[in-house]
>>> print(open('model.txt').read())   # compact mmCIF, C-alpha atoms
# COMPACT_ATOMS: atom_id res chain seq x y z
CA MET A 239 0.00 0.00 0.00
CA GLY A 240 2.78 2.49 0.83
CA PRO A 241 4.09 5.00 -0.12
CA LEU A 242 0.61 6.34 0.60
CA ILE A 243 0.64 9.41 -1.68
CA ALA A 244 2.07 7.65 -4.74
CA ASN A 245 -0.51 4.88 -4.43
CA GLY A 246 -3.51 7.16 -4.10
CA TYR A 247 -4.30 6.57 -0.41
CA ILE A 248 -3.69 10.24 0.33
CA ASP A 249 -4.52 12.99 -2.16
CA PRO A 250 -1.35 14.82 -3.35
CA ALA A 251 -3.12 18.06 -2.42
CA TRP A 252 -2.15 17.25 1.18
CA ASN A 253 1.54 17.23 0.31
CA ASN A 254 2.42 20.65 1.71
CA VAL A 255 0.30 20.18 4.83
CA ILE A 256 2.10 16.91 5.50
CA ALA A 257 5.43 18.65 4.82
CA LEU A 258 4.64 21.31 7.40
CA LEU A 259 3.56 18.77 10.04
CA VAL A 260 6.59 16.55 9.40
CA GLY A 261 8.81 19.65 9.68
CA ILE A 262 7.27 20.67 13.01
CA ALA A 263 7.93 17.21 14.45
CA PHE A 264 11.45 17.20 12.92
CA GLY A 265 12.34 20.60 14.38
CA TYR A 266 10.85 19.71 17.75
CA ILE A 267 12.84 16.46 18.04
CA LEU A 268 16.11 18.07 16.91
CA GLU A 269 15.78 20.98 19.34
CA ALA A 270 14.64 18.81 22.25
CA SER A 271 17.67 16.54 21.68
CA GLY A 272 20.05 19.48 21.99
CA PHE A 273 20.81 20.02 18.30
CA SER A 274 20.24 23.76 18.57
CA SER A 275 23.60 24.04 20.35
CA SER A 276 26.66 24.14 18.10
CA ARG A 277 28.94 23.35 21.03
CA LYS A 278 27.01 20.16 21.78
CA LEU A 279 27.07 19.16 18.11
CA ALA A 280 30.78 19.80 17.66
CA GLY A 281 31.41 17.60 20.70
CA VAL A 282 31.21 14.52 18.48
CA PHE A 283 34.48 15.57 16.82
CA TYR A 284 36.32 16.13 20.10
CA GLY A 285 34.80 13.43 22.30
CA TYR A 286 33.17 15.62 24.94
CA ASP A 287 29.57 15.16 23.73
CA PHE A 288 28.25 12.31 21.56
CA VAL A 289 24.65 13.46 21.23
CA VAL A 290 24.98 13.62 17.41
CA LEU A 291 26.24 10.05 17.15
CA ARG A 292 23.59 8.69 19.51
CA VAL A 293 20.57 10.44 18.01
CA PHE A 294 21.64 10.12 14.38
CA MET A 295 22.64 6.47 14.41
CA THR A 296 19.65 5.41 16.51
CA ALA A 297 17.36 7.16 14.02
CA VAL A 298 18.99 5.43 11.05
CA MET A 299 18.66 2.02 12.75
CA VAL A 300 15.02 2.54 13.68
CA ALA A 301 14.02 3.77 10.21
CA MET A 302 16.03 1.04 8.47
CA ILE A 303 14.58 -1.81 10.54
CA GLY A 304 11.15 -0.20 10.34
CA LEU A 305 11.29 -0.19 6.55
CA ILE A 306 12.28 -3.85 6.48
CA TYR A 307 9.40 -4.63 8.85
CA PHE A 308 6.89 -2.55 6.84
CA SER A 309 8.05 -4.28 3.67
CA TYR A 310 7.78 -7.73 5.30
CA MET A 311 4.22 -6.95 6.41
CA GLY A 312 3.39 -5.82 2.88
CA TRP A 313 2.67 -2.25 3.98
CA ILE A 314 5.26 -0.60 1.74
CA ASP A 315 6.82 -1.37 -1.62
CA LEU A 316 10.49 -0.51 -1.17
CA GLY A 317 10.87 -0.52 -4.96
CA GLU A 318 8.75 2.63 -5.05
CA ILE A 319 10.68 4.77 -2.57
CA PHE A 320 13.21 7.39 -3.64
CA ILE A 321 16.80 6.18 -3.79
CA LEU A 322 19.39 8.96 -3.81
CA PRO A 323 21.49 8.54 -6.98
CA THR A 324 25.18 7.85 -6.53
CA PHE A 325 27.75 10.16 -8.09
CA MET A 326 30.89 8.79 -6.47
CA THR A 327 33.28 11.69 -7.15
CA SER A 328 30.70 14.33 -6.37
CA ILE A 329 29.67 12.81 -3.04
CA ILE A 330 33.25 12.31 -1.87
CA VAL A 331 34.19 15.92 -2.71
CA GLY A 332 30.91 17.30 -1.33
CA GLY A 333 30.99 15.19 1.82
CA ILE A 334 34.49 16.27 2.77
CA ILE A 335 33.64 19.94 2.16
CA MET A 336 30.52 19.50 4.33
CA GLY A 337 32.66 17.86 7.03
CA LEU A 338 34.96 20.89 7.03
CA GLY A 339 31.94 23.17 7.19
CA PHE A 340 30.62 21.17 10.16
CA VAL A 341 33.86 21.59 12.13
CA LEU A 342 34.17 25.31 11.34
CA GLY A 343 30.51 26.19 11.84
CA GLY A 344 29.39 23.65 14.43
CA TYR A 345 26.07 23.21 12.65
CA CYS A 346 24.62 21.42 9.67
CA PRO A 347 21.70 22.97 7.75
CA GLY A 348 18.79 21.41 9.67
CA THR A 349 20.36 22.00 13.06
CA SER A 350 21.23 25.61 12.24
CA PHE A 351 17.52 26.27 11.55
CA THR A 352 16.71 25.04 15.07
CA GLY A 353 19.43 27.35 16.44
CA VAL A 354 17.87 30.30 14.61
CA ALA A 355 14.45 29.38 16.02
CA ILE A 356 15.61 29.80 19.63
CA GLY A 357 17.66 32.94 19.01
CA LYS A 358 21.24 31.86 18.33
CA LEU A 359 22.86 34.60 16.27
CA ASP A 360 25.73 32.35 15.17
CA ALA A 361 23.11 30.00 13.68
CA VAL A 362 21.67 32.96 11.76
CA PHE A 363 25.11 33.62 10.26
CA PHE A 364 25.57 29.91 9.48
CA THR A 365 22.21 29.88 7.66
CA GLY A 366 23.19 33.02 5.76
CA GLY A 367 26.43 31.23 4.87
CA LEU A 368 24.42 28.32 3.47
CA TYR A 369 22.64 30.70 1.12
CA LEU A 370 25.94 32.25 0.01
CA GLY A 371 27.60 28.87 -0.44
CA ILE A 372 24.79 27.53 -2.61
CA PHE A 373 24.71 30.81 -4.56
CA ILE A 374 28.47 30.60 -5.20
CA PHE A 375 28.11 26.97 -6.26
CA SER A 376 25.45 27.94 -8.81
CA MET A 377 27.60 30.77 -10.15
CA ILE A 378 30.70 28.63 -10.66
CA PHE A 379 28.74 25.56 -11.77
CA PRO A 380 30.29 25.45 -15.29
CA TRP A 381 33.71 24.99 -13.68
CA VAL A 382 32.62 22.23 -11.30
CA GLU A 383 30.13 20.48 -13.58
CA LYS A 384 32.58 17.63 -14.28
CA ILE A 385 32.90 16.87 -10.58
CA TYR A 386 29.13 17.26 -10.05
CA TYR A 387 28.38 14.55 -12.60
CA GLY A 388 31.50 12.52 -11.79
CA GLY A 389 31.31 8.82 -10.96
CA GLU A 390 27.67 8.38 -11.93
CA GLN A 391 26.20 5.02 -10.97
CA GLY A 392 22.49 5.84 -10.82
CA PRO A 393 20.23 5.08 -7.84
CA VAL A 394 22.16 2.08 -6.54
CA THR A 395 21.51 0.50 -3.15
CA VAL A 396 24.00 -0.91 -0.66
CA MET A 397 22.65 -4.38 -1.51
CA GLU A 398 23.86 -3.95 -5.09
CA THR A 399 27.12 -2.27 -4.10
CA PHE A 400 28.13 -4.90 -1.56
CA GLY A 401 26.23 -7.86 -3.00
CA ILE A 402 24.50 -8.67 0.29
CA SER A 403 20.85 -8.88 1.33
CA ARG A 404 18.94 -5.98 2.87
CA GLY A 405 18.61 -7.86 6.13
CA LEU A 406 22.29 -8.66 6.38
CA PHE A 407 23.24 -5.04 5.70
CA ALA A 408 20.86 -3.83 8.41
CA PHE A 409 22.27 -6.43 10.81
CA LEU A 410 25.88 -5.38 10.14
CA PHE A 411 24.89 -1.73 10.42
CA VAL A 412 23.32 -2.34 13.85
CA ILE A 413 26.42 -4.22 15.06
CA ALA A 414 28.71 -1.43 13.85
CA THR A 415 26.49 1.20 15.49
CA LEU A 416 26.38 -0.59 18.84
CA MET A 417 30.17 -0.86 18.73
CA ALA A 418 30.40 2.87 17.98
CA PHE A 419 28.13 3.61 20.98
CA PHE A 420 30.40 1.47 23.17
CA VAL A 421 33.60 3.17 21.96
CA ALA A 422 31.95 6.59 22.40
CA SER A 423 31.08 5.82 26.01
CA ILE A 424 34.72 4.94 26.71
CA VAL A 425 36.07 8.02 24.95
CA LYS A 426 33.60 10.26 26.79
CA LYS A 427 34.97 9.04 30.14
CA LYS A 428 38.56 9.77 29.14
CA VAL A 429 37.98 13.21 27.65
CA LYS A 430 37.83 16.22 29.94
CA ASN A 431 34.29 17.48 30.37
CA ILE A 432 33.44 20.86 28.95
CA GLU A 433 31.12 23.31 30.64
CA LEU A 434 28.53 24.18 28.01
CA MET B 117 5.47 31.01 49.92
CA GLN B 118 8.41 31.09 47.67
CA THR B 119 8.44 29.39 44.30
CA ILE B 120 11.75 28.34 42.93
CA LYS B 121 11.85 28.41 39.16
CA GLU B 122 14.13 25.67 38.03
CA ASP B 123 16.36 26.36 35.04
CA ARG B 124 15.69 23.58 32.56
CA SER B 125 17.45 25.18 29.62
CA ASN B 126 20.32 22.70 29.85
CA GLN B 127 18.08 19.66 30.06
CA TYR B 128 17.49 17.71 26.91
CA ILE B 129 15.64 14.48 26.20
CA ASN B 130 17.58 11.23 26.33
CA PRO B 131 19.57 10.99 23.05
CA TYR B 132 18.50 7.40 22.37
CA PHE B 133 14.87 8.37 22.96
CA GLY B 134 15.35 11.33 20.61
CA GLY B 135 16.89 8.97 18.07
CA VAL B 136 13.95 6.57 18.26
CA LEU B 137 11.50 9.45 17.76
CA LEU B 138 13.51 10.78 14.81
CA GLY B 139 13.74 7.29 13.30
CA LEU B 140 9.97 6.78 13.63
CA LEU B 141 9.33 10.20 12.06
CA LEU B 142 11.61 9.31 9.16
CA LEU B 143 9.87 5.95 8.74
CA ILE B 144 6.39 7.54 8.73
CA THR B 145 7.56 10.23 6.28
CA ILE B 146 8.89 7.61 3.85
CA PHE B 147 5.72 5.55 4.33
CA ILE B 148 3.54 8.53 3.39
CA THR B 149 5.61 10.39 0.80
CA GLY B 150 8.13 7.82 -0.47
CA ARG B 151 10.98 10.20 0.42
CA GLY B 152 12.81 11.15 3.59
CA LEU B 153 13.59 14.38 5.38
CA GLY B 154 15.71 17.30 4.19
CA ALA B 155 17.05 20.73 5.02
CA SER B 156 19.55 22.20 2.53
CA GLY B 157 16.99 21.82 -0.28
CA ALA B 158 14.92 24.68 1.10
CA VAL B 159 17.91 27.05 1.00
CA LYS B 160 18.62 25.93 -2.56
CA SER B 161 15.02 26.71 -3.50
CA THR B 162 15.47 30.15 -1.97
CA VAL B 163 18.60 30.74 -4.06
CA VAL B 164 16.80 29.56 -7.22
CA ALA B 165 13.76 31.74 -6.44
CA THR B 166 15.78 34.90 -5.77
CA VAL B 167 17.98 34.56 -8.85
CA GLU B 168 14.90 33.87 -10.97
CA ARG B 169 13.24 36.95 -9.50
CA VAL B 170 16.21 39.24 -10.15
CA ALA B 171 17.31 37.83 -13.50
CA PRO B 172 14.65 35.49 -14.92
CA ALA B 173 16.23 34.99 -18.34
CA TYR B 174 19.61 34.26 -16.79
CA ALA B 175 18.17 31.70 -14.34
CA GLN B 176 16.12 29.88 -16.99
CA ASP B 177 19.21 29.51 -19.15
CA HIS B 178 21.57 28.65 -16.31
CA GLY B 179 23.10 25.16 -16.40
CA TYR B 180 22.42 24.49 -12.72
CA LEU B 181 19.48 26.69 -11.73
CA LYS B 182 17.28 25.65 -14.66
CA LYS B 183 17.20 22.10 -13.28
CA PHE B 184 15.02 23.40 -10.46
CA ILE B 185 12.76 25.76 -12.42
CA SER B 186 9.50 24.56 -13.89
CA ASP B 187 6.78 26.47 -15.73
CA ASP B 188 3.87 25.34 -13.60
CA GLN B 189 5.38 25.70 -10.15
CA HIS B 190 7.14 28.46 -8.25
CA PRO B 191 10.52 27.30 -6.83
CA MET B 192 9.28 28.02 -3.30
CA ASN B 193 6.22 25.82 -3.80
CA ASN B 194 8.25 22.84 -2.77
CA TRP B 195 7.85 20.06 -0.19
CA LEU B 196 11.17 20.85 1.50
CA VAL B 197 10.35 24.56 1.83
CA PHE B 198 7.14 23.77 3.71
CA GLU B 199 8.95 21.16 5.78
CA THR B 200 11.63 23.71 6.68
CA VAL B 201 9.02 26.26 7.78
CA GLY B 202 7.83 23.45 10.05
CA ILE B 203 11.36 22.92 11.41
CA PHE B 204 11.45 26.55 12.60
CA ILE B 205 8.01 26.25 14.24
CA GLY B 206 8.78 22.90 15.90
CA ALA B 207 12.18 24.00 17.19
CA PHE B 208 10.68 27.23 18.50
CA LEU B 209 7.99 25.31 20.39
CA SER B 210 10.49 22.88 21.90
CA GLY B 211 12.75 25.75 22.90
CA LEU B 212 9.82 27.65 24.37
CA PHE B 213 8.73 24.74 26.58
CA ALA B 214 12.31 24.17 27.76
CA GLY B 215 13.03 27.85 28.43
CA ARG B 216 15.66 28.11 25.70
CA VAL B 217 14.02 30.79 23.58
CA LYS B 218 15.82 34.01 24.47
CA LYS B 219 16.76 37.18 22.68
CA PHE B 220 19.50 36.91 20.08
CA ARG B 221 22.85 35.83 21.50
CA VAL B 222 26.01 34.13 20.24
CA GLU B 223 27.01 30.73 21.59
CA HIS B 224 30.75 30.25 21.62
CA SER B 225 33.59 28.63 23.52
CA PRO B 226 34.94 30.97 26.24
CA LYS B 227 38.33 30.71 24.53
CA ILE B 228 37.21 32.51 21.37
CA SER B 229 35.60 35.90 20.82
CA VAL B 230 32.10 36.57 19.51
CA LYS B 231 33.66 37.93 16.32
CA THR B 232 35.70 34.76 15.72
CA ARG B 233 32.63 32.60 16.27
CA ILE B 234 30.55 34.66 13.81
CA ILE B 235 33.27 34.54 11.14
CA PHE B 236 33.70 30.78 11.41
CA ALA B 237 29.94 30.15 11.60
CA THR B 238 29.53 32.06 8.33
CA LEU B 239 32.44 30.24 6.70
CA GLY B 240 31.16 26.90 7.92
CA GLY B 241 27.72 27.62 6.53
CA MET B 242 29.18 28.62 3.17
CA LEU B 243 31.20 25.42 2.94
CA PHE B 244 28.28 23.27 4.06
CA GLY B 245 25.97 24.89 1.53
CA PHE B 246 28.54 24.57 -1.24
CA GLY B 247 29.31 20.93 -0.41
CA SER B 248 25.65 19.96 -0.07
CA GLN B 249 25.16 20.67 -3.78
CA PHE B 250 27.84 18.13 -4.69
CA GLY B 251 26.36 15.71 -2.17
CA ARG B 252 22.82 16.28 -3.50
CA GLY B 253 21.70 16.74 0.07
CA CYS B 254 23.09 17.42 3.53
CA THR B 255 23.12 15.49 6.79
CA SER B 256 19.30 15.15 6.72
CA GLY B 257 18.54 14.48 3.09
CA ALA B 258 21.61 12.55 2.02
CA ALA B 259 23.26 11.04 5.10
CA LEU B 260 20.23 10.30 7.33
CA SER B 261 17.46 9.63 4.80
CA GLY B 262 19.83 8.15 2.23
CA THR B 263 21.38 5.62 4.59
CA ALA B 264 18.00 4.63 6.06
CA THR B 265 16.66 3.94 2.54
CA PHE B 266 19.69 1.73 1.79
CA ALA B 267 21.08 4.13 -0.84
CA THR B 268 24.81 3.71 -1.43
CA ALA B 269 24.98 7.48 -1.89
CA GLY B 270 23.56 7.95 1.61
CA LEU B 271 26.04 5.65 3.33
CA LEU B 272 28.93 7.27 1.46
CA SER B 273 27.66 10.74 2.25
CA MET B 274 27.44 9.91 5.96
CA ALA B 275 30.96 8.48 5.97
CA MET B 276 32.34 11.52 4.13
CA ILE B 277 30.61 14.20 6.23
CA PHE B 278 31.63 12.70 9.57
CA GLY B 279 34.95 11.40 8.22
CA GLY B 280 35.67 14.86 6.80
CA GLY B 281 34.82 16.36 10.18
CA TYR B 282 37.27 14.09 12.01
CA LEU B 283 39.88 14.77 9.32
CA PHE B 284 39.84 18.53 9.97
CA ALA B 285 38.82 18.55 13.65
CA TYR B 286 42.40 18.64 14.98
CA PHE B 287 43.28 21.81 13.08
CA PHE B 288 40.32 23.75 14.42
CA ARG B 289 40.24 22.41 17.99
CA LYS B 290 40.88 25.91 19.38
CA LEU B 291 37.39 26.89 18.22
CA TRP B 292 35.75 24.34 20.50
CA ILE B 293 38.02 23.01 23.25
>>> encode(input="model.txt", output="structure tokens")
Amino acid sequence: MGPLIANGYIDPAWNNVIALLVGIAFGYILEASGFSSSRKLAGVFYGYDFVVLRVFMTAVMVAMIGLIYFSYMGWIDLGEIFILPTFMTSIIVGGIIMGLGFVLGGYCPGTSFTGVAIGKLDAVFFTGGLYLGIFIFSMIFPWVEKIYYGGEQGPVTVMETFGISRGLFAFLFVIATLMAFFVASIVKKKVKNIEL
Amino acid sequence: MQTIKEDRSNQYINPYFGGVLLGLLLLITIFITGRGLGASGAVKSTVVATVERVAPAYAQDHGYLKKFISDDQHPMNNWLVFETVGIFIGAFLSGLFAGRVKKFRVEHSPKISVKTRIIFATLGGMLFGFGSQFGRGCTSGAALSGTATFATAGLLSMAMIFGGGYLFAYFFRKLWI
């Protein structure tokens, strides 16, 4: 039956209403988890606060296992959901630039919006920076077009890339995540606490 | 009788509980719409809309911007724009209940000045925005939603964003610790 909109269970006219409601829940959860604080977010890179790792990885695990469950119950056709296309070169270049931006700015786009919402001026500047960065990208696009389309593989899944089943990937992902949580708890004890 | 107003502004929900809620939200969103969450897309739409407003002919002929312009729909009439409006509302409500909504202030490590923080926040935002175009999404749209939907691009994006962060963290430690 799912995705509900594509299969006619919900009229597409509701799209923007759903978007707004999803956004409200998204913003609420991010802010309530502490993602409106750049110093808490940056902690993941220095070992004094692992809130990013814990929230992010738990969310991926829950959604991943949930999708497998929904698919098993026949509630969703996973062949119909959007798969982000892979452009190897572009993602590697973009990801590393985003990582640098994360360390310098202490926010990512979604979290900076939550910072703005509660009155963090640095988050306002980060958000302004996002606009400038995307504007600059558009302006110089002819020079970076090769990278942007580099390493195209289409919408491939990890099952195709690694040649393993969906279930096995999810299982390995959960094991790796639990190990990361364990390592993080050890690191957190060894690193000097920071007064936020 | 004296009432003591407790400061709860430093109290957040349990991160694993937050993660479960976020995961369920992502699952429901994919179940309804067939796609996940996002954030940088709304800023991109804003860039597309402003350039189209100022220089319509230029935008419609532009190799990158024209990908996001259609005849029947304004660039701001977009799922991610509405979702992002929601993010501001939801975060404001959460902050309000927890006593974190205050007048504009700058959060920074005591070891750096307000000016330094503002400069690096701007720079960081510029890099994140720039990089998110190569990544075709940021931490929400590519890393979180992509990985949860078993997209290779999502897993790679997650590894690169956090890996990139750890790669450069040492050089900018003075900003944070």
>>> residues_near_point(input="model.txt", point="(20.4, 32.5, -11.6)", cutoff="8 Å", atoms="all atoms listed in the file", output="ChimeraX atom specification")
/A:376-377 /B:163-164,166-168,171-172,174-176,178,181
>>> axis_aligned_box(input="model.txt", around="segment 273-289 of chain A", padding_each_side="8 Å", output="AutoDock Vina command-line options")
--center_x 28.3 --center_y 18.2 --center_z 20.9 --size_x 32.1 --size_y 27.8 --size_z 24.1
>>> closest_residue(input="model.txt", among="A:Thr365, A:Ser403, A:Thr324, A:Ser423", to="Gly389 of chain A", atoms="only C-alpha atoms")
A:Thr324
>>> residues_around(input="model.txt", residues="Ser225 of chain B", least_positions_apart="6", cutoff="10 Å", atoms="all atoms listed in the file", output="ChimeraX atom specification")
/A:276-277,432-434 /B:233,290-293
>>> closest_atom_pairs(input="model.txt", of="segment 152-256 of chain B", to="segment 277-281 of chain B", cutoff="10 Å", atoms="only C-alpha atoms", output="Markdown table")
| residue | atom | partner | partner_atom | distance |
| --- | --- | --- | --- | --- |
| B:Phe244 | CA | B:Ile277 | CA | 9.6 |
| B:Gly247 | CA | B:Ile277 | CA | 9.5 |
| B:Ser248 | CA | B:Ile277 | CA | 9.9 |
| B:Gly251 | CA | B:Ile277 | CA | 9.5 |
| B:Cys254 | CA | B:Ile277 | CA | 8.6 |
| B:Thr255 | CA | B:Ile277 | CA | 7.6 |
>>> closest_residue(input="model.txt", among="B:Arg169, B:Gln189, B:Pro131, B:Phe287", to="chain A", atoms="all atoms listed in the file")
B:Pro131
>>> atom_distance(input="model.txt", atom1="atom CA of Tyr345 of chain A", atom2="atom CA of Val362 of chain A")
10.7 Å
>>> residues_around(input="model.txt", residues="Arg404 of chain A", least_positions_apart="2", cutoff="10 Å", atoms="all atoms listed in the file", output="VMD selection string")
(chain A and resid 302 to 303 306 395 to 398 401 to 402 406 to 409) or (chain B and resid 266)
>>> decode(input="model.txt", residues="segment 334-347 of chain A", atoms="N, CA and C atoms", output="PDB file, in the first residue's frame")
ATOM      1  N   ILE A 334      33.331  15.753   2.038  1.00  0.00           N
ATOM      2  CA  ILE A 334      34.494  16.266   2.765  1.00  0.00           C
ATOM      3  C   ILE A 334      34.375  17.778   2.992  1.00  0.00           C
ATOM      4  N   ILE A 335      33.857  18.494   1.990  1.00  0.00           N
ATOM      5  CA  ILE A 335      33.637  19.940   2.164  1.00  0.00           C
ATOM      6  C   ILE A 335      32.606  20.177   3.271  1.00  0.00           C
ATOM      7  N   MET A 336      31.537  19.361   3.270  1.00  0.00           N
ATOM      8  CA  MET A 336      30.518  19.496   4.327  1.00  0.00           C
ATOM      9  C   MET A 336      31.125  19.191   5.705  1.00  0.00           C
ATOM     10  N   GLY A 337      32.004  18.190   5.767  1.00  0.00           N
ATOM     11  CA  GLY A 337      32.662  17.863   7.034  1.00  0.00           C
ATOM     12  C   GLY A 337      33.466  19.039   7.557  1.00  0.00           C
ATOM     13  N   LEU A 338      34.184  19.702   6.648  1.00  0.00           N
ATOM     14  CA  LEU A 338      34.963  20.886   7.034  1.00  0.00           C
ATOM     15  C   LEU A 338      34.021  21.994   7.520  1.00  0.00           C
ATOM     16  N   GLY A 339      32.933  22.169   6.796  1.00  0.00           N
ATOM     17  CA  GLY A 339      31.941  23.175   7.195  1.00  0.00           C
ATOM     18  C   GLY A 339      31.363  22.893   8.573  1.00  0.00           C
ATOM     19  N   PHE A 340      31.151  21.622   8.866  1.00  0.00           N
ATOM     20  CA  PHE A 340      30.615  21.172  10.159  1.00  0.00           C
ATOM     21  C   PHE A 340      31.572  21.570  11.291  1.00  0.00           C
ATOM     22  N   VAL A 341      32.869  21.298  11.090  1.00  0.00           N
ATOM     23  CA  VAL A 341      33.860  21.594  12.127  1.00  0.00           C
ATOM     24  C   VAL A 341      34.037  23.104  12.318  1.00  0.00           C
ATOM     25  N   LEU A 342      34.003  23.862  11.226  1.00  0.00           N
ATOM     26  CA  LEU A 342      34.168  25.315  11.339  1.00  0.00           C
ATOM     27  C   LEU A 342      32.920  25.960  11.939  1.00  0.00           C
ATOM     28  N   GLY A 343      31.745  25.516  11.464  1.00  0.00           N
ATOM     29  CA  GLY A 343      30.509  26.194  11.845  1.00  0.00           C
ATOM     30  C   GLY A 343      29.777  25.580  13.023  1.00  0.00           C
ATOM     31  N   GLY A 344      30.048  24.320  13.308  1.00  0.00           N
ATOM     32  CA  GLY A 344      29.391  23.648  14.426  1.00  0.00           C
ATOM     33  C   GLY A 344      27.944  23.263  14.170  1.00  0.00           C
ATOM     34  N   TYR A 345      27.440  23.569  13.000  1.00  0.00           N
ATOM     35  CA  TYR A 345      26.070  23.209  12.648  1.00  0.00           C
ATOM     36  C   TYR A 345      26.056  22.474  11.319  1.00  0.00           C
ATOM     37  N   CYS A 346      24.921  21.825  11.034  1.00  0.00           N
ATOM     38  CA  CYS A 346      24.620  21.419   9.667  1.00  0.00           C
ATOM     39  C   CYS A 346      23.325  22.171   9.321  1.00  0.00           C
ATOM     40  N   PRO A 347      22.844  22.120   8.085  1.00  0.00           N
ATOM     41  CA  PRO A 347      21.698  22.971   7.746  1.00  0.00           C
ATOM     42  C   PRO A 347      20.483  22.821   8.672  1.00  0.00           C
TER      43      PRO A 347
END
